[in-house]
Amino acid sequence: MDILNRRDFIKQSSLIAGGLPFMMGQFGEGSPQNPLEVHLFSKHLQFLNYQEMAKIVKEMGFAGVDLTVRPKGHIVPEKVVLELPKACKVIRDSGLKVSMITTAVDDAENPWHQQVLTTAAELSVGYYRMNWLRYPEHASIPSAMIDMRSRLQSLSEFNKNLNLVGCYQNHAGTLVGSSLFELYEIIKNLDTNHLGVQYDIRHATVEGGKSWENGLRLIASRIKTIVLK
């Protein structure tokens with residue numbers, strides 16, 4: 001498939017099925033003076049190198065790239081120190097932003113996770129999507145929620161030291177946070193400046209059925225980024 005055909009394919013498929021994180025200062029902003037910025041999720045471009053990806057994203061009219069920095073991503077964690085600066089330079093030199101990365105980070109004590117966040121902070125990447133959490137099979141959900149609250153508190157404190165914002169994406173199913181009421185209970189006492197939610201509209205409506213609006217109202221003040229599919 002040549003570059004032209006790949007570009008046409010990306011434009012059609014990513015807009016229909018892809019994640020489009022909406023980078024914003026706070027939920028609800030968006031005006032001619034302060035427009036929302038749409039950054040393309042690089043998962044859909046992983047068959048391209050950094051240069052090709054940046055060229056096509058710019059031609060498509062996006063403001064930036066939400067770069068995958070995780071196992072099987074554009075950049076794997078083991079190579080983040082070497083590759084993330086290269087990718088950021090290429091993307092930014094093309095006139096695009098790298099304001100956010102998508103990661104598998106979920107543990108402030110994990111050296112690989114620390115390295116991903118430290119490198120991102122050094123490159124002025126302000127936001128990152130976290131890994132999804134799962135409930136252990138042999139523990140009650142209420143007790144697991146307490147443990148997860150403590151885990152995310154430690155991550156929030158690590159973020160604060162680096163001036164980063166971690167974003168937990170709601171996801172329909174049995175993952176932690178599929179219900180926004182459940183997610184709110186876990187994060188309600190955390191520092192909203194350094195740990196919030198990446199609100200996924202599709203997963204919220206799938207999981208919430210007809211009550212999704214209540215979940216949105218509950219979590220709105222903690223939304224840092226939005227995914228549109």
# chains A, B, ... in the order shown; residues from 1 in each chain; ligands from 1

call {"tool": "select_by_dssp", "arguments": {"residues": "range 24-194 of chain A", "states": "alpha helix (DSSP H)", "output": "VMD selection string"}}
result
chain A and resid 50 to 60 80 to 93 111 to 122 141 to 162 180 to 187

call {"tool": "residues_around", "arguments": {"residues": "Val176 in chain A", "least_positions_apart": "5", "cutoff": "12 Å", "atoms": "only C-alpha atoms", "output": "ChimeraX atom specification"}}
result
/A:131-136,141-142,144-145,148-149,168-171,181-187

call {"tool": "write_last_selection", "arguments": {"atoms": "N, CA, C and O atoms", "output": "short mmCIF file (atom, residue, chain, number, x, y, z; two decimals), in the first residue's frame"}}
result
data_model
loop_
_atom_site.label_atom_id
_atom_site.label_comp_id
_atom_site.auth_asym_id
_atom_site.auth_seq_id
_atom_site.Cartn_x
_atom_site.Cartn_y
_atom_site.Cartn_z
N ASN A 131 -2.59 2.84 32.32
CA ASN A 131 -3.03 1.47 32.08
C ASN A 131 -4.36 1.24 32.78
O ASN A 131 -4.69 1.92 33.77
N TRP A 132 -5.15 0.30 32.30
CA TRP A 132 -6.38 -0.08 33.00
C TRP A 132 -6.04 -1.00 34.17
O TRP A 132 -5.11 -1.81 34.11
N LEU A 133 -6.80 -0.88 35.23
CA LEU A 133 -6.64 -1.74 36.39
C LEU A 133 -7.70 -2.85 36.35
O LEU A 133 -8.77 -2.67 35.77
N ARG A 134 -7.40 -3.96 37.02
CA ARG A 134 -8.32 -5.10 37.07
C ARG A 134 -8.52 -5.53 38.51
O ARG A 134 -7.59 -5.48 39.31
N TYR A 135 -9.72 -5.96 38.82
CA TYR A 135 -10.00 -6.44 40.16
C TYR A 135 -9.39 -7.83 40.35
O TYR A 135 -9.53 -8.70 39.49
N PRO A 136 -8.71 -8.07 41.49
CA PRO A 136 -8.19 -9.40 41.77
C PRO A 136 -9.34 -10.38 42.00
O PRO A 136 -10.40 -10.01 42.52
N ILE A 141 -14.57 -6.55 46.08
CA ILE A 141 -14.44 -5.32 45.31
C ILE A 141 -14.26 -4.11 46.22
O ILE A 141 -13.40 -3.26 45.96
N PRO A 142 -15.00 -3.98 47.33
CA PRO A 142 -14.77 -2.82 48.21
C PRO A 142 -13.34 -2.74 48.75
O PRO A 142 -12.74 -1.66 48.77
N ALA A 144 -10.68 -4.10 47.34
CA ALA A 144 -9.80 -3.83 46.20
C ALA A 144 -9.83 -2.35 45.84
O ALA A 144 -8.81 -1.77 45.47
N MET A 145 -10.99 -1.72 45.95
CA MET A 145 -11.11 -0.30 45.65
C MET A 145 -10.26 0.54 46.60
O MET A 145 -9.66 1.54 46.21
N MET A 148 -6.70 0.19 45.44
CA MET A 148 -6.47 0.94 44.20
C MET A 148 -6.43 2.44 44.45
O MET A 148 -5.67 3.16 43.81
N ARG A 149 -7.23 2.90 45.40
CA ARG A 149 -7.19 4.31 45.76
C ARG A 149 -5.80 4.69 46.29
O ARG A 149 -5.26 5.73 45.93
N TYR A 168 -7.10 8.38 33.65
CA TYR A 168 -7.61 7.01 33.64
C TYR A 168 -8.84 6.94 32.73
O TYR A 168 -9.80 7.67 32.93
N GLN A 169 -8.80 6.06 31.73
CA GLN A 169 -9.89 5.96 30.76
C GLN A 169 -10.95 4.98 31.24
O GLN A 169 -10.65 3.83 31.58
N ASN A 170 -12.20 5.42 31.27
CA ASN A 170 -13.31 4.51 31.54
C ASN A 170 -13.49 3.55 30.36
O ASN A 170 -13.32 3.94 29.20
N HIS A 171 -13.79 2.29 30.67
CA HIS A 171 -13.88 1.26 29.62
C HIS A 171 -14.97 0.28 30.01
O HIS A 171 -14.94 -0.29 31.10
N PHE A 181 -19.53 5.92 38.40
CA PHE A 181 -19.79 6.07 39.83
C PHE A 181 -18.71 5.34 40.63
O PHE A 181 -18.24 5.82 41.66
N GLU A 182 -18.34 4.17 40.17
CA GLU A 182 -17.26 3.39 40.78
C GLU A 182 -15.92 4.13 40.66
O GLU A 182 -15.16 4.25 41.64
N LEU A 183 -15.64 4.65 39.47
CA LEU A 183 -14.39 5.36 39.25
C LEU A 183 -14.32 6.61 40.12
O LEU A 183 -13.27 6.92 40.70
N TYR A 184 -15.43 7.32 40.23
CA TYR A 184 -15.46 8.51 41.07
C TYR A 184 -15.11 8.18 42.51
O TYR A 184 -14.36 8.92 43.18
N GLU A 185 -15.64 7.09 43.03
CA GLU A 185 -15.37 6.70 44.41
C GLU A 185 -13.89 6.43 44.64
O GLU A 185 -13.35 6.71 45.71
N ILE A 186 -13.21 5.91 43.62
CA ILE A 186 -11.79 5.60 43.75
C ILE A 186 -10.94 6.86 43.73
O ILE A 186 -9.98 6.99 44.50
N ILE A 187 -11.29 7.83 42.90
CA ILE A 187 -10.41 8.99 42.70
C ILE A 187 -10.90 10.28 43.35
O ILE A 187 -10.23 11.30 43.25
#

call {"tool": "residues_around", "arguments": {"residues": "Ala204 in chain A", "least_positions_apart": "5", "cutoff": "9 Å", "atoms": "only C-alpha atoms", "output": "PyMOL selection string"}}
result
chain A and resi 170-172+178-180+199+209+212-213+215-216

call {"tool": "residues_around", "arguments": {"residues": "Asp200 in chain A", "least_positions_apart": "2", "cutoff": "9 Å", "atoms": "only C-alpha atoms", "output": "NGL selection string"}}
result
:A and (19 or 21 or 169-171 or 197-198 or 202-205 or 225-229)

call {"tool": "residues_around", "arguments": {"residues": "Lys43 in chain A", "least_positions_apart": "2", "cutoff": "10 Å", "atoms": "only C-alpha atoms", "output": "list in words"}}
result
Ser14, Gly18, Gly19, Leu40, Phe41, Leu45, Gln46, Phe47, Asp66, Leu67, Thr68, Val69, Lys72, Gly73, His74 and Thr102 of chain A

call {"tool": "closest_residue", "arguments": {"among": "A:Trp112, A:Phe62, A:Tyr128, A:Tyr50", "to": "Gly166 in chain A", "atoms": "only C-alpha atoms"}}
result
A:Tyr128

call {"tool": "atom_distance", "arguments": {"atom1": "CA of Arg70 in chain A", "atom2": "CA of Gly208 in chain A"}}
result
28.5 Å

call {"tool": "residues_around", "arguments": {"residues": "Ala54 in chain A", "least_positions_apart": "3", "cutoff": "6 Å", "atoms": "only C-alpha atoms", "output": "JSON, numbers by chain"}}
result
{"A": [51, 57, 91]}

call {"tool": "residues_around", "arguments": {"residues": "Leu117 in chain A", "least_positions_apart": "6", "cutoff": "12 Å", "atoms": "only C-alpha atoms", "output": "NGL selection string"}}
result
:A and (69-70 or 77 or 80-81 or 84 or 100-111 or 123-130 or 155-156 or 158-166)

call {"tool": "closest_residue", "arguments": {"among": "A:Leu190, A:Val206, A:Ala121, A:Leu96", "to": "Ser150 in chain A", "atoms": "only C-alpha atoms"}}
result
A:Leu190

call {"tool": "select_by_dssp", "arguments": {"residues": "range 158-220 of chain A", "states": "strand (DSSP E)", "output": "JSON, numbers by chain"}}
result
{"A": [165, 166, 167, 168, 169, 195, 196, 197, 198, 199, 200]}

call {"tool": "atom_distance", "arguments": {"atom1": "CA of Cys167 in chain A", "atom2": "CA of Lys224 in chain A"}}
result
6.8 Å

call {"tool": "atom_distance", "arguments": {"atom1": "CA of Val90 in chain A", "atom2": "CA of His44 in chain A"}}
result
17.9 Å
